[in-house]
Each structure stands twice: as C-alpha cells, then as structure tokens.
$ cat final-v7.cif   # mmCIF, C-alpha atoms and all ligand atoms
data_structure
loop_
_atom_site.label_atom_id
_atom_site.label_comp_id
_atom_site.auth_asym_id
_atom_site.auth_seq_id
_atom_site.Cartn_x
_atom_site.Cartn_y
_atom_site.Cartn_z
CA MET A 1 286.24 219.31 8.16
CA ARG A 2 282.79 219.72 6.63
CA ILE A 3 280.54 216.84 5.59
CA GLU A 4 278.08 217.88 2.87
CA ASP A 5 274.45 216.75 2.97
CA LYS A 6 274.77 214.85 -0.31
CA ASN A 7 276.45 212.19 1.87
CA ALA A 8 273.08 210.90 3.10
CA VAL A 9 272.45 207.52 4.72
CA TYR A 10 269.01 206.16 5.56
CA SER A 11 270.12 203.57 8.07
CA MET A 12 272.91 203.31 10.62
CA ASP A 13 274.83 200.43 9.10
CA LYS A 14 278.33 199.04 9.70
CA ASN A 15 278.60 198.54 5.92
CA ASN A 16 277.96 202.21 5.05
CA LYS A 17 280.89 203.67 3.16
CA PRO A 18 282.48 206.49 5.18
CA ALA A 19 281.93 209.99 3.78
CA ALA A 20 285.16 211.05 5.53
CA LYS A 21 287.83 209.74 7.89
CA THR A 22 289.44 211.73 10.68
CA ASP A 23 291.84 211.46 13.60
CA LEU A 24 290.58 212.47 17.05
CA PRO A 25 290.05 214.96 18.53
CA ALA A 26 288.33 216.49 15.51
CA ARG A 27 286.22 219.51 14.79
CA LEU A 28 283.53 218.54 12.30
CA SER A 29 280.69 220.32 10.61
CA PHE A 30 277.70 218.36 9.26
CA LYS A 31 275.33 219.97 6.76
CA THR A 32 271.99 218.21 7.09
CA LYS A 33 268.72 217.93 5.17
CA ASP A 34 265.38 218.16 6.95
CA CYS A 35 263.75 214.85 7.97
CA PHE A 36 261.61 214.87 4.80
CA GLY A 37 264.77 214.85 2.69
CA GLY A 38 263.89 218.29 1.29
CA GLN A 39 260.78 216.90 -0.45
CA ILE A 40 258.30 219.29 1.21
CA LYS A 41 258.59 222.64 -0.52
CA CYS A 42 255.17 224.20 0.16
CA GLU A 43 252.02 223.61 2.19
CA ASN A 44 250.48 221.54 -0.66
CA ASP A 45 253.15 218.88 -0.15
CA THR A 46 251.70 216.62 2.55
CA LEU A 47 253.12 213.50 4.19
CA GLU A 48 251.25 211.20 1.71
CA THR A 49 253.05 212.74 -1.28
CA LEU A 50 256.51 211.76 -0.05
CA ASP A 51 258.85 209.07 -1.28
CA PHE A 52 259.49 207.37 2.07
CA ASN A 53 262.80 205.97 0.81
CA LYS A 54 264.09 209.53 1.05
CA VAL A 55 262.74 210.29 4.53
CA ASN A 56 265.00 210.60 7.60
CA PRO A 57 268.40 211.09 5.97
CA ALA A 58 271.46 211.42 8.21
CA THR A 59 274.67 213.02 6.97
CA GLY A 60 277.81 210.90 7.14
CA PRO A 61 279.02 208.57 8.29
CA VAL A 62 282.41 209.75 9.54
CA TYR A 63 285.00 207.09 10.33
CA LEU A 64 286.90 208.01 13.51
CA ASN A 65 290.44 206.65 13.28
CA GLY A 66 291.58 204.51 16.20
CA VAL A 67 288.13 204.09 17.74
CA LYS A 68 287.13 200.53 18.61
CA PRO A 69 284.03 198.68 19.86
CA GLY A 70 283.71 199.23 23.63
CA ASP A 71 285.13 202.76 23.42
CA VAL A 72 282.91 205.75 24.15
CA ILE A 73 283.05 208.91 22.06
CA ALA A 74 282.20 212.36 23.40
CA VAL A 75 280.42 214.59 20.89
CA HIS A 76 280.48 218.20 22.10
CA ILE A 77 277.74 220.12 20.30
CA ARG A 78 279.15 223.57 19.58
CA ASP A 79 276.57 225.15 17.36
CA ILE A 80 273.42 224.43 15.35
CA LYS A 81 272.40 226.71 12.50
CA VAL A 82 268.85 226.17 11.25
CA LYS A 83 267.43 227.06 7.85
CA SER A 84 264.11 228.78 7.29
CA PRO A 85 261.36 227.81 6.79
CA GLY A 86 260.72 225.02 9.28
CA ILE A 87 258.13 222.40 8.38
CA MET A 88 255.46 220.77 10.54
CA VAL A 89 252.96 218.09 9.53
CA ALA A 90 249.76 216.50 10.78
CA ALA A 91 248.46 213.31 9.18
CA PRO A 92 245.85 210.65 9.92
CA GLY A 93 247.48 207.87 11.93
CA ALA A 94 250.61 209.88 12.70
CA GLY A 95 251.59 210.53 16.30
CA VAL A 96 249.55 210.55 19.50
CA LEU A 97 246.65 212.47 17.93
CA GLY A 98 246.77 210.44 14.71
CA ASP A 99 243.39 208.75 15.26
CA MET A 100 241.75 212.17 15.79
CA VAL A 101 243.22 213.70 12.63
CA SER A 102 240.96 213.43 9.56
CA GLN A 103 242.99 215.41 7.05
CA SER A 104 246.65 215.74 6.30
CA GLN A 105 248.17 219.20 6.67
CA THR A 106 251.56 220.83 6.24
CA LEU A 107 252.49 224.08 7.97
CA MET A 108 255.49 226.19 7.01
CA VAL A 109 257.06 227.94 9.98
CA ASN A 110 259.21 230.95 9.12
CA ILE A 111 262.32 231.36 11.19
CA GLU A 112 263.64 234.89 11.56
CA ASN A 113 265.20 237.12 14.20
CA GLY A 114 265.70 234.22 16.59
CA VAL A 115 262.09 233.07 16.65
CA ALA A 116 259.95 230.50 14.85
CA LYS A 117 256.68 232.04 13.67
CA PHE A 118 253.89 229.48 14.20
CA LYS A 119 251.08 231.38 12.45
CA ASP A 120 251.38 234.65 14.41
CA ILE A 121 252.76 233.06 17.57
CA GLU A 122 256.48 233.66 18.10
CA LEU A 123 258.20 230.63 19.59
CA PRO A 124 261.76 230.89 20.91
CA LEU A 125 264.23 228.80 18.92
CA THR A 126 265.42 225.69 20.77
CA PRO A 127 267.64 224.07 18.13
CA MET A 128 268.38 220.39 18.70
CA ILE A 129 269.47 217.23 16.91
CA GLY A 130 266.83 214.52 16.31
CA VAL A 131 269.10 211.86 14.78
CA ILE A 132 272.68 211.27 15.93
CA GLY A 133 274.38 207.95 16.29
CA VAL A 134 276.97 205.37 15.43
CA ALA A 135 276.63 202.15 13.45
CA PRO A 136 275.20 199.20 15.40
CA ALA A 137 277.26 195.99 15.57
CA GLY A 138 274.34 193.90 14.32
CA GLU A 139 271.70 194.48 11.69
CA PRO A 140 271.34 197.98 10.17
CA VAL A 141 268.84 200.24 11.98
CA PRO A 142 266.79 202.73 9.89
CA CYS A 143 267.57 206.38 10.75
CA GLY A 144 263.95 206.77 11.93
CA THR A 145 264.49 204.30 14.78
CA PRO A 146 266.38 205.01 18.02
CA GLY A 147 268.44 202.49 20.02
CA ASN A 148 271.54 202.09 22.15
CA HIS A 149 273.54 203.20 19.11
CA GLY A 150 271.72 206.56 19.28
CA GLY A 151 269.76 207.23 16.09
CA ASN A 152 266.36 208.94 16.18
CA MET A 153 266.38 209.76 19.91
CA ASP A 154 264.50 213.07 19.42
CA THR A 155 265.84 214.27 22.76
CA THR A 156 265.61 218.04 23.37
CA LEU A 157 268.75 217.93 25.54
CA ILE A 158 270.91 217.15 22.47
CA CYS A 159 271.46 220.83 21.76
CA PRO A 160 274.28 223.40 21.64
CA GLY A 161 276.38 223.36 24.82
CA SER A 162 275.64 219.68 25.51
CA THR A 163 277.98 216.72 25.24
CA LEU A 164 276.58 213.43 23.98
CA TYR A 165 278.46 210.27 24.95
CA LEU A 166 277.91 207.37 22.55
CA PRO A 167 279.08 203.79 23.10
CA VAL A 168 280.95 202.61 20.00
CA GLN A 169 279.94 199.28 18.45
CA VAL A 170 282.11 198.99 15.31
CA GLU A 171 285.63 200.01 14.24
CA GLY A 172 285.68 203.72 13.43
CA ALA A 173 282.26 204.29 15.09
CA LEU A 174 280.68 205.66 11.83
CA LEU A 175 279.11 208.81 13.26
CA ALA A 176 276.13 210.31 11.39
CA ILE A 177 273.84 213.27 12.16
CA GLY A 178 270.49 214.50 10.79
CA ASP A 179 266.91 215.57 11.56
CA LEU A 180 267.45 219.02 13.10
CA HIS A 181 264.59 220.77 14.86
CA ALA A 182 264.34 224.54 15.35
CA ALA A 183 261.96 223.82 18.23
CA MET A 184 260.37 220.70 19.73
CA GLY A 185 258.49 219.84 22.91
CA ASN A 186 259.24 216.73 24.95
CA GLY A 187 257.28 213.87 23.35
CA GLU A 188 257.22 215.25 19.79
CA ILE A 189 253.57 214.23 19.92
CA MET A 190 252.58 214.96 16.29
CA VAL A 191 255.69 213.15 14.85
CA SER A 192 257.33 216.39 13.76
CA GLY A 193 259.14 219.14 15.59
CA VAL A 194 259.79 222.33 13.64
CA GLU A 195 261.72 220.32 11.02
CA VAL A 196 264.67 222.05 9.38
CA GLY A 197 267.80 221.53 7.37
CA GLY A 198 270.91 223.23 8.66
CA GLU A 199 274.42 222.75 9.90
CA VAL A 200 275.84 221.27 13.10
CA GLU A 201 279.30 221.96 14.44
CA VAL A 202 280.75 219.40 16.83
CA THR A 203 284.02 218.48 18.43
CA VAL A 204 284.53 214.73 18.81
CA GLU A 205 287.01 213.00 21.10
CA LYS A 206 287.47 209.65 22.74
CA ALA A 207 286.08 209.63 26.30
CA LYS A 208 288.66 208.09 28.58
CA GLU A 209 287.82 205.53 31.26
CA LEU A 210 284.13 205.59 30.53
CA SER A 211 282.02 202.54 29.91
CA LEU A 212 278.43 202.89 28.74
CA VAL A 213 275.75 200.65 27.27
CA ASN A 214 273.39 203.47 26.29
CA PRO A 215 273.86 207.08 25.17
CA MET A 216 274.39 209.66 27.93
CA VAL A 217 273.94 213.40 27.50
CA VAL A 218 275.47 216.03 29.76
CA THR A 219 273.90 219.50 29.68
CA GLU A 220 274.62 222.58 31.75
CA ASN A 221 272.22 221.32 34.42
CA LYS A 222 271.89 217.57 34.20
CA VAL A 223 273.33 214.20 33.29
CA SER A 224 270.89 211.87 31.54
CA ILE A 225 271.01 208.27 30.37
CA ILE A 226 268.83 207.85 27.27
CA VAL A 227 267.07 204.55 26.60
CA SER A 228 264.74 203.46 23.80
CA ALA A 229 262.40 200.45 24.08
CA GLU A 230 259.12 198.99 22.81
CA ASP A 231 257.13 201.09 25.28
CA LEU A 232 257.75 203.91 27.75
CA ASP A 233 257.40 201.67 30.84
CA GLU A 234 260.28 199.53 29.66
CA ALA A 235 262.38 202.53 28.57
CA VAL A 236 261.88 204.19 31.98
CA GLU A 237 262.77 201.00 33.85
CA ILE A 238 265.95 200.38 31.86
CA ALA A 239 267.08 204.04 32.04
CA THR A 240 266.56 204.04 35.83
CA LYS A 241 268.46 200.77 36.31
CA GLU A 242 271.28 201.93 34.03
CA MET A 243 271.69 205.15 36.05
CA ALA A 244 271.74 203.15 39.31
CA LYS A 245 274.43 200.85 37.88
CA PHE A 246 276.38 203.85 36.61
CA LEU A 247 276.36 205.44 40.08
CA GLU A 248 277.27 202.16 41.77
CA GLN A 249 280.22 201.65 39.40
CA ASN A 250 281.51 205.22 39.28
CA THR A 251 280.98 206.52 42.85
CA ASP A 252 281.29 205.30 46.45
CA LEU A 253 277.52 204.85 46.73
CA THR A 254 276.03 201.40 47.29
CA LEU A 255 273.14 200.37 45.04
CA ASN A 256 270.67 201.17 47.84
CA GLU A 257 272.19 204.61 48.37
CA ALA A 258 272.32 205.30 44.63
CA GLY A 259 268.63 204.41 44.36
CA MET A 260 267.66 206.57 47.32
CA LEU A 261 269.66 209.52 45.96
CA MET A 262 268.01 209.07 42.55
CA SER A 263 264.61 208.94 44.26
CA ALA A 264 265.40 212.15 46.15
CA CYS A 265 266.71 214.33 43.32
CA GLY A 266 266.67 212.46 39.99
CA ASN A 267 263.94 212.66 37.38
CA VAL A 268 262.35 210.27 34.94
CA GLU A 269 261.80 212.25 31.74
CA ILE A 270 260.27 211.54 28.35
CA SER A 271 262.13 212.24 25.11
CA GLN A 272 259.69 211.05 22.45
CA VAL A 273 256.56 208.89 22.20
CA VAL A 274 256.07 208.67 18.41
CA ASP A 275 258.97 206.74 16.87
CA PRO A 276 259.12 202.95 16.26
CA LEU A 277 260.69 202.62 19.74
CA LYS A 278 259.85 205.07 22.55
CA THR A 279 262.60 207.04 24.29
CA ALA A 280 262.89 208.00 27.97
CA ARG A 281 265.76 209.14 30.13
CA PHE A 282 266.83 209.23 33.74
CA SER A 283 268.35 212.59 34.69
CA MET A 284 270.51 213.52 37.68
CA PRO A 285 271.35 217.10 38.63
CA ARG A 286 274.81 217.91 37.34
CA ASN A 287 275.90 219.57 40.59
CA VAL A 288 275.08 216.34 42.47
CA MET A 289 277.11 214.32 39.95
CA LYS A 290 280.02 216.75 40.40
CA LYS A 291 279.77 216.40 44.18
CA LEU A 292 279.96 212.61 43.73
CA GLY A 293 283.18 213.09 41.77
CA VAL A 294 281.99 211.15 38.73
CA GLY A 295 284.96 210.81 36.42
CA LEU A 296 283.58 212.58 33.37
CA ALA A 297 284.93 215.69 31.69
CA PHE A 298 282.33 217.89 33.40
CA CA A 301 263.05 212.47 14.62
CA CA A 302 262.14 215.23 13.13
#
$ encode --input "final-v7.cif" --output "structure tokens" --more "lines below"
Ligand code: CA
Ligand code: CA
Amino acid sequence: MRIEDKNAVYSMDKNNKPAAKTDLPARLSFKTKDCFGGQIKCENDTLETLDFNKVNPATGPVYLNGVKPGDVIAVHIRDIKVKSPGIMVAAPGAGVLGDMVSQSQTLMVNIENGVAKFKDIELPLTPMIGVIGVAPAGEPVPCGTPGNHGGNMDTTLICPGSTLYLPVQVEGALLAIGDLHAAMGNGEIMVSGVEVGGEVEVTVEKAKELSLVNPMVVTENKVSIIVSAEDLDEAVEIATKEMAKFLEQNTDLTLNEAGMLMSACGNVEISQVVDPLKTARFSMPRNVMKKLGVGLAF
C-alpha cells in the first residue's frame, strides 16, 4: 500500500483523519515532501520566504487495525529513496551557529551516483528519517517537535536496515512519516540535514510482549532508547534511566549490575540539538543485548 504525499499532516494529532487503514503486518510505502514542504525551489528561496504553516509535513497518518494504547509497533525500515536536489539552509538565529550567521543562505546539493555533492565535496549518502511517529494521547504535537510519540527525532540511526519500536498512545496508532535526509551529522547543528523528498518503504507489525515508554531503535550494531526533553542534560538522564529500567525488567540483571554494564559498554549519544526539544539516546551494543537474551525480534 502506498501513501501519497498529498496526505500531509503538520501535527501528530489523535483527531487527524487517517489517509489509509491497514491490517498488520503490513508493507507500506510513504511518499514524502521535504521539510520545507517543497517551497524551496532554488537558492534564492531562503528560510524567510517560506510559509511556515507548510513546513515540516509528515505523510499519513495510517490507522493500524487492532492496535491499542499500550501496544508497541515495530517499524522495519526497508528502503529510503531520496530525490535530488537536496536542500540546506543557514539563517540568522537558526541552529547552534544562528547567532554567528548574518545572512540567510540556501544551498542546493545535487544527489547523483550515490553521493551528495556539497559544492565539489562528495559526501556519501546516509539516508534517514527525520520525522516518524504516532499520535500522542494528549494535545497535538507539531511535526517539528519530538517526544515519546516519536515525531521530529532527527536520529541518524532511523535508516534502512533499522527497526524502530514506537509505543502506541491511541487506537490505530496513526503512523506518519516525513522529513527525509540524504545525509545528516549527529546534532543537525544548522537545523537542516541534506533535506529531501522521497519515498520510504516499511514493514509494520505489532511487537509482542514489549513494553516501552519511549521510542527504541535497533540497528545492525546497537539498541538505543531515544528521549527528547527541554535540554540535553535531562534527555541524557532520562534515556540512561530508561535503559537501566529496560535491562532490569527484561534480563536477569539487578539495577546495580545493569548500571555497571551500561557504564562499561553503553554509550550516551546525541541525536539533535536544534529542535524545540533536544534529543539524546542511550545505546547498548547489540551483541551484548543478544547475550542477555532480551526478548526482542533481533
Ligand atoms: Ca527534522
Ligand atoms: Ca530536516
């Protein structure tokens, strides 16, 4: 089933009308617009010229039949196709360097033969999903903001080959996806990655016997709990505590042992530092998680 990008939502909202309904497991394809809603067509179009009501669209939502609050869905990311050109922006006040930037600028980044051409520098493509989430139980959350429902997590690990586990908050989950990047560094320090439209292919199923409060992503090499909060200190603290609780609940380790193991081989990592909430993650090596016999579909 393919969801076209004309089905755009600008907030994750339990009252959004589903673009489609499906039984699980399901193979779904989401066509997505770039995070500027397709409004930047050339390097003369800068951030100031945009209609911000059309920024950060996500495609969807898809209603997943039989899925209830408290369930967890597993979204296996099969493939991401990115369109050329990619778009990057700099603007006064935007991102970590915002107070050093005096003039707005847009840079088009051609994507061809598996590389992104940043001026004459060829960067390898690292396609990833910036915005992916379900509807929150409470107030709507704009697609530009991350949270425990997912949303604008801007996490480089959410890429082909990974599985994202999302805790469901409303009937049908209401899954939506947008904001693809052809490449992005951890932090996304200027507010944009190499922003692109494109198409994402996923397989979605219900994760059995899994209970989560925050999104968790499983890549080839690691298992990470992703947390967004007012500042990085808080995000790091919550992500670390959530991983400790997860290990305590799902393995034979005591809390002390879980903490010591995390201290020995786990990593605090930064996803992004530029969105309305900041996003960090606590990552454990996947081979260690396997050894612990954690009951996930690894
Ligand atoms: Ca983003
Ligand atoms: Ca983006």
$ residues_near_ligand --input "final-v7.cif" --ligand "ligand CA 302 (chain A)" --cutoff "9 Å" --atoms "all atoms listed in the file" --output "list in words"
Asp34, Cys35, Phe36, Asn56, Ile129, Gly130, Val131, Gly144, Asn152, Asp154, Gly178, Asp179, Leu180, His181, Met184, Glu188, Val191, Ser192, Gly193, Val194, Glu195 and Val196 of chain A
$ atom_distance --input "final-v7.cif" --atom1 "atom CA of Met128 of chain A" --atom2 "atom CA of Cys265 of chain A"
25.4 Å
$ closest_residue --input "final-v7.cif" --among "A:Gly70, A:Pro146, A:Gly60, A:Pro136" --to "ligand CA 301 (chain A)" --atoms "all atoms listed in the file"
A:Pro146
$ residues_around --input "final-v7.cif" --residues "Thr126 of chain A" --least-positions-apart "4" --cutoff "10 Å" --atoms "all atoms listed in the file" --output "PyMOL selection string"
chain A and resi 80+114-116+156-157+159-160+181-185+194
$ residues_around --input "final-v7.cif" --residues "Gly198 of chain A" --least-positions-apart "5" --cutoff "6 Å" --atoms "all atoms listed in the file" --output "PyMOL selection string"
chain A and resi 31-32+81-83
$ closest_residue --input "final-v7.cif" --among "A:Leu255, A:Ala264, A:Ile121, A:Val202" --to "His76 of chain A" --atoms "all atoms listed in the file"
A:Val202
$ atom_distance --input "final-v7.cif" --atom1 "atom CA of Met190 of chain A" --atom2 "atom CA of Pro140 of chain A"
26.0 Å
$ decode --input "final-v7.cif" --residues "segment 108-178 of chain A" --atoms "C-alpha atoms" --output "compact mmCIF listing (two decimals), in the first residue's frame"
# COMPACT_ATOMS: atom_id res chain seq x y z
CA MET A 108 21.21 23.10 -3.36
CA VAL A 109 23.00 19.78 -3.04
CA ASN A 110 22.84 17.56 -6.12
CA ILE A 111 22.46 13.87 -5.44
CA GLU A 112 23.80 11.53 -8.10
CA ASN A 113 25.66 8.24 -8.35
CA GLY A 114 25.24 7.52 -4.66
CA VAL A 115 26.79 10.75 -3.40
CA ALA A 116 25.60 14.18 -2.30
CA LYS A 117 27.65 16.92 -3.94
CA PHE A 118 28.24 19.68 -1.37
CA LYS A 119 29.88 22.24 -3.68
CA ASP A 120 32.64 19.97 -5.07
CA ILE A 121 32.86 17.75 -2.00
CA GLU A 122 31.29 14.32 -2.47
CA LEU A 123 29.54 13.11 0.67
CA PRO A 124 28.37 9.51 0.96
CA LEU A 125 24.59 9.19 1.15
CA THR A 126 23.31 8.25 4.62
CA PRO A 127 19.55 8.33 4.06
CA MET A 128 17.47 8.60 7.23
CA ILE A 129 14.05 9.61 8.51
CA GLY A 130 13.79 12.88 10.49
CA VAL A 131 10.10 12.66 11.43
CA ILE A 132 8.35 9.39 12.28
CA GLY A 133 5.77 8.88 14.96
CA VAL A 134 2.33 8.04 16.21
CA ALA A 135 -0.39 10.33 17.54
CA PRO A 136 0.04 11.40 21.19
CA ALA A 137 -2.81 10.66 23.62
CA GLY A 138 -2.97 14.28 24.74
CA GLU A 139 -2.66 17.57 22.90
CA PRO A 140 -1.48 17.54 19.26
CA VAL A 141 2.31 17.92 18.83
CA PRO A 142 3.61 19.86 15.78
CA CYS A 143 5.63 17.66 13.38
CA GLY A 144 8.69 19.83 14.12
CA THR A 145 8.75 18.71 17.76
CA PRO A 146 9.96 15.32 19.04
CA GLY A 147 8.58 13.43 22.05
CA ASN A 148 7.81 9.98 23.40
CA HIS A 149 5.40 9.58 20.49
CA GLY A 150 8.38 9.92 18.12
CA GLY A 151 8.00 12.91 15.80
CA ASN A 152 10.98 15.06 14.83
CA MET A 153 13.65 12.88 16.48
CA ASP A 154 16.25 13.60 13.76
CA THR A 155 18.11 10.45 14.75
CA THR A 156 20.65 9.15 12.19
CA LEU A 157 20.03 5.56 13.34
CA ILE A 158 16.49 5.64 11.86
CA CYS A 159 17.72 4.42 8.50
CA PRO A 160 17.36 1.43 6.16
CA GLY A 161 18.01 -1.87 7.96
CA SER A 162 16.87 -0.49 11.33
CA THR A 163 13.74 -1.30 13.28
CA LEU A 164 12.03 1.48 15.20
CA TYR A 165 9.80 0.46 18.10
CA LEU A 166 7.12 3.03 18.94
CA PRO A 167 4.83 2.92 21.99
CA VAL A 168 1.23 3.38 20.83
CA GLN A 169 -0.89 6.01 22.58
CA VAL A 170 -4.21 5.97 20.68
CA GLU A 171 -6.40 3.39 18.91
CA GLY A 172 -4.91 2.60 15.49
CA ALA A 173 -1.59 4.32 16.38
CA LEU A 174 -1.87 6.82 13.44
CA LEU A 175 1.62 6.37 11.99
CA ALA A 176 3.07 9.25 9.94
CA ILE A 177 6.48 9.77 8.29
CA GLY A 178 8.30 12.77 6.79
